[in-house]
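Peer 1: Have a look at the structure that comes next, please.
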Amino acid sequence: MIELKTPEELERMRQAGAIVAGLLTHLEGLVAPGVKTKELDAAARAFIQASGAEPAFLGYRGFPATICVSVNDEVVHGIPGERVVKAGDVVSIDAGVKYRGFFSDAAVTVPVGRVSARAQRLIDTTRQALEEAIAMAKPANRLSDISHAVQQT
C-alpha cells in the first residue's frame, strides 16, 4: 500500500535529499591525487554532523564507515581506509543520511584528473542512462519504462 506523505514530511524528505546532495558536492571537491579514502569518510562525517543529520550507513549491519568509497574496478560499498587516490582513478562515493526520521541516499562518480578513454566512456554512458531514466520518471509511466530507457542506453 502506498502511504501518502504530509506536506511537512515531504519537506523533511527534501531537506534530507539536499543534505546528501550538498555532501556529495563537497566530497567531489576533495577527491584528488594523494587523498586517502578514510579522509573522505572523515570529511563526510563532519559535514553530516554539521548539517544536523546522522550517517545512515555507519553501523548498518556492522558497516564501519560513514560513506562507501569504491575506486576503479571495486564494486559498490567499498570501505574507506588507507587507499590513496591516484591521478587516472575513477572514484565512486555512496552516501546516505538520516534526517528528522527520513533517509536519503545517493552516489556520485568522480574522475580523478584525466582518465582512460574507456573509463570516460563508462562515465558518460552511465550519466546518459541516468538522464534517460529520469526523463521517463513521470506520471502514467511504469517502472518498466524507466528500466527500458536505461537498457536502451
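Residues in the C-alpha cells are numbered from 1 in each chain, the chains being A, B, ... in the order shown, and ligands are numbered from 1 in the order shown.
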From the DSSP assignment of the backbone, select every residue of region 39-133 of chain A that is strand (DSSP E), and format the answer as JSON, numbers by chain.
Peer 2: {"A": [54, 55, 67, 68, 69, 70, 71, 90, 91, 92, 93, 94, 95, 96, 97, 98, 99, 102, 103, 104, 105, 106, 107, 108, 109, 110, 111]}
Peer 1: Please write the residues from the selection above to a file, keeping N, CA and C atoms, as a PDB file, in the first residue's frame.
Peer 2:
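Produced file out.pdb, reproduced below:
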```
ATOM      1  N   GLU A  54      22.353  12.425  10.659  1.00  0.00           N
ATOM      2  CA  GLU A  54      23.135  11.288  11.137  1.00  0.00           C
ATOM      3  C   GLU A  54      23.579  10.463   9.931  1.00  0.00           C
ATOM      4  N   PRO A  55      24.778   9.871   9.991  1.00  0.00           N
ATOM      5  CA  PRO A  55      25.199   8.977   8.908  1.00  0.00           C
ATOM      6  C   PRO A  55      24.282   7.751   8.860  1.00  0.00           C
ATOM      7  N   ILE A  67      30.549   6.664   4.761  1.00  0.00           N
ATOM      8  CA  ILE A  67      30.242   6.574   3.336  1.00  0.00           C
ATOM      9  C   ILE A  67      30.874   5.310   2.766  1.00  0.00           C
ATOM     10  N   CYS A  68      30.491   4.988   1.554  1.00  0.00           N
ATOM     11  CA  CYS A  68      31.144   3.924   0.799  1.00  0.00           C
ATOM     12  C   CYS A  68      32.006   4.598  -0.259  1.00  0.00           C
ATOM     13  N   VAL A  69      33.239   4.146  -0.400  1.00  0.00           N
ATOM     14  CA  VAL A  69      34.143   4.687  -1.417  1.00  0.00           C
ATOM     15  C   VAL A  69      34.718   3.507  -2.194  1.00  0.00           C
ATOM     16  N   SER A  70      34.466   3.499  -3.488  1.00  0.00           N
ATOM     17  CA  SER A  70      34.969   2.435  -4.354  1.00  0.00           C
ATOM     18  C   SER A  70      35.852   3.063  -5.417  1.00  0.00           C
ATOM     19  N   VAL A  71      37.015   2.473  -5.642  1.00  0.00           N
ATOM     20  CA  VAL A  71      37.973   3.015  -6.588  1.00  0.00           C
ATOM     21  C   VAL A  71      38.146   2.035  -7.748  1.00  0.00           C
ATOM     22  N   VAL A  90      39.038   6.307 -11.002  1.00  0.00           N
ATOM     23  CA  VAL A  90      37.617   6.637 -11.013  1.00  0.00           C
ATOM     24  C   VAL A  90      37.097   6.283  -9.630  1.00  0.00           C
ATOM     25  N   VAL A  91      36.612   7.286  -8.919  1.00  0.00           N
ATOM     26  CA  VAL A  91      36.186   7.121  -7.534  1.00  0.00           C
ATOM     27  C   VAL A  91      34.666   7.262  -7.450  1.00  0.00           C
ATOM     28  N   SER A  92      34.030   6.255  -6.884  1.00  0.00           N
ATOM     29  CA  SER A  92      32.584   6.316  -6.649  1.00  0.00           C
ATOM     30  C   SER A  92      32.340   6.481  -5.161  1.00  0.00           C
ATOM     31  N   ILE A  93      31.483   7.436  -4.833  1.00  0.00           N
ATOM     32  CA  ILE A  93      31.139   7.706  -3.443  1.00  0.00           C
ATOM     33  C   ILE A  93      29.643   7.539  -3.283  1.00  0.00           C
ATOM     34  N   ASP A  94      29.260   6.717  -2.319  1.00  0.00           N
ATOM     35  CA  ASP A  94      27.860   6.477  -1.993  1.00  0.00           C
ATOM     36  C   ASP A  94      27.643   7.019  -0.582  1.00  0.00           C
ATOM     37  N   ALA A  95      26.633   7.860  -0.417  1.00  0.00           N
ATOM     38  CA  ALA A  95      26.401   8.493   0.878  1.00  0.00           C
ATOM     39  C   ALA A  95      24.923   8.447   1.236  1.00  0.00           C
ATOM     40  N   GLY A  96      24.656   8.343   2.528  1.00  0.00           N
ATOM     41  CA  GLY A  96      23.279   8.350   3.000  1.00  0.00           C
ATOM     42  C   GLY A  96      23.195   9.028   4.350  1.00  0.00           C
ATOM     43  N   VAL A  97      22.066   9.684   4.582  1.00  0.00           N
ATOM     44  CA  VAL A  97      21.845  10.334   5.873  1.00  0.00           C
ATOM     45  C   VAL A  97      20.447  10.005   6.387  1.00  0.00           C
ATOM     46  N   LYS A  98      20.320  10.125   7.689  1.00  0.00           N
ATOM     47  CA  LYS A  98      19.016  10.091   8.338  1.00  0.00           C
ATOM     48  C   LYS A  98      18.797  11.495   8.883  1.00  0.00           C
ATOM     49  N   TYR A  99      17.678  12.088   8.496  1.00  0.00           N
ATOM     50  CA  TYR A  99      17.379  13.450   8.926  1.00  0.00           C
ATOM     51  C   TYR A  99      15.905  13.545   9.315  1.00  0.00           C
ATOM     52  N   PHE A 102      13.750  10.653   8.211  1.00  0.00           N
ATOM     53  CA  PHE A 102      13.763  10.238   6.812  1.00  0.00           C
ATOM     54  C   PHE A 102      15.187   9.980   6.344  1.00  0.00           C
ATOM     55  N   PHE A 103      15.314   9.027   5.441  1.00  0.00           N
ATOM     56  CA  PHE A 103      16.612   8.666   4.883  1.00  0.00           C
ATOM     57  C   PHE A 103      16.729   9.192   3.454  1.00  0.00           C
ATOM     58  N   SER A 104      17.927   9.593   3.109  1.00  0.00           N
ATOM     59  CA  SER A 104      18.252   9.968   1.740  1.00  0.00           C
ATOM     60  C   SER A 104      19.584   9.312   1.398  1.00  0.00           C
ATOM     61  N   ASP A 105      19.719   8.884   0.165  1.00  0.00           N
ATOM     62  CA  ASP A 105      20.890   8.113  -0.263  1.00  0.00           C
ATOM     63  C   ASP A 105      21.142   8.441  -1.735  1.00  0.00           C
ATOM     64  N   ALA A 106      22.390   8.724  -2.071  1.00  0.00           N
ATOM     65  CA  ALA A 106      22.747   8.992  -3.462  1.00  0.00           C
ATOM     66  C   ALA A 106      24.230   8.682  -3.648  1.00  0.00           C
ATOM     67  N   ALA A 107      24.642   8.678  -4.893  1.00  0.00           N
ATOM     68  CA  ALA A 107      26.042   8.385  -5.197  1.00  0.00           C
ATOM     69  C   ALA A 107      26.520   9.274  -6.330  1.00  0.00           C
ATOM     70  N   VAL A 108      27.839   9.391  -6.410  1.00  0.00           N
ATOM     71  CA  VAL A 108      28.461  10.164  -7.475  1.00  0.00           C
ATOM     72  C   VAL A 108      29.742   9.443  -7.893  1.00  0.00           C
ATOM     73  N   THR A 109      30.087   9.576  -9.162  1.00  0.00           N
ATOM     74  CA  THR A 109      31.326   9.020  -9.677  1.00  0.00           C
ATOM     75  C   THR A 109      32.208  10.177 -10.118  1.00  0.00           C
ATOM     76  N   VAL A 110      33.452  10.157  -9.653  1.00  0.00           N
ATOM     77  CA  VAL A 110      34.364  11.276  -9.879  1.00  0.00           C
ATOM     78  C   VAL A 110      35.615  10.786 -10.603  1.00  0.00           C
ATOM     79  N   PRO A 111      35.876  11.300 -11.807  1.00  0.00           N
ATOM     80  CA  PRO A 111      37.151  11.000 -12.449  1.00  0.00           C
ATOM     81  C   PRO A 111      38.240  11.840 -11.784  1.00  0.00           C
TER      82      PRO A 111
END
```
Peer 1: Extract, using only C-alpha atoms, all DNA, RNA and protein residues at most 9 Å from Gly101 (chain A), discarding same-chain residues fewer than 5 positions from it, and format them as a PDB file with N, CA and C atoms, in the first residue's frame.
Peer 2:
```
ATOM      1  N   GLU A   9       6.142  16.188   5.969  1.00  0.00           N
ATOM      2  CA  GLU A   9       7.016  15.037   5.728  1.00  0.00           C
ATOM      3  C   GLU A   9       7.757  15.185   4.399  1.00  0.00           C
ATOM      4  N   ARG A  12      10.658  17.485   4.923  1.00  0.00           N
ATOM      5  CA  ARG A  12      11.772  16.820   5.608  1.00  0.00           C
ATOM      6  C   ARG A  12      12.523  15.906   4.644  1.00  0.00           C
ATOM      7  N   MET A  13      11.791  15.235   3.757  1.00  0.00           N
ATOM      8  CA  MET A  13      12.444  14.394   2.747  1.00  0.00           C
ATOM      9  C   MET A  13      13.312  15.253   1.820  1.00  0.00           C
TER      10      MET A  13
END
```
Peer 1: Looking at A:Val84, A:Val112, A:Ala117, A:Ile123, which one is nearest to Lys38 (chain A), with distances taken over only C-alpha atoms?
Peer 2: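 Nearest candidate to Lys38 (chain A) out of A:Val84, A:Val112, A:Ala117, A:Ile123: A:Val84.
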Peer 1: For Gly88 (chain A), find every residue with an atom within 10 Å (counting only C-alpha atoms), except residues of its own chain fewer than 2 positions away, and show them as a list in words.
Peer 2: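 Residues near the query, excluding close chain neighbours: Ala32, Pro33, Asn72, Val85, Lys86, Val90, Val91, Pro111, Val112, Gly113, Arg114, Val115, Ser116 and Ala119 of chain A.
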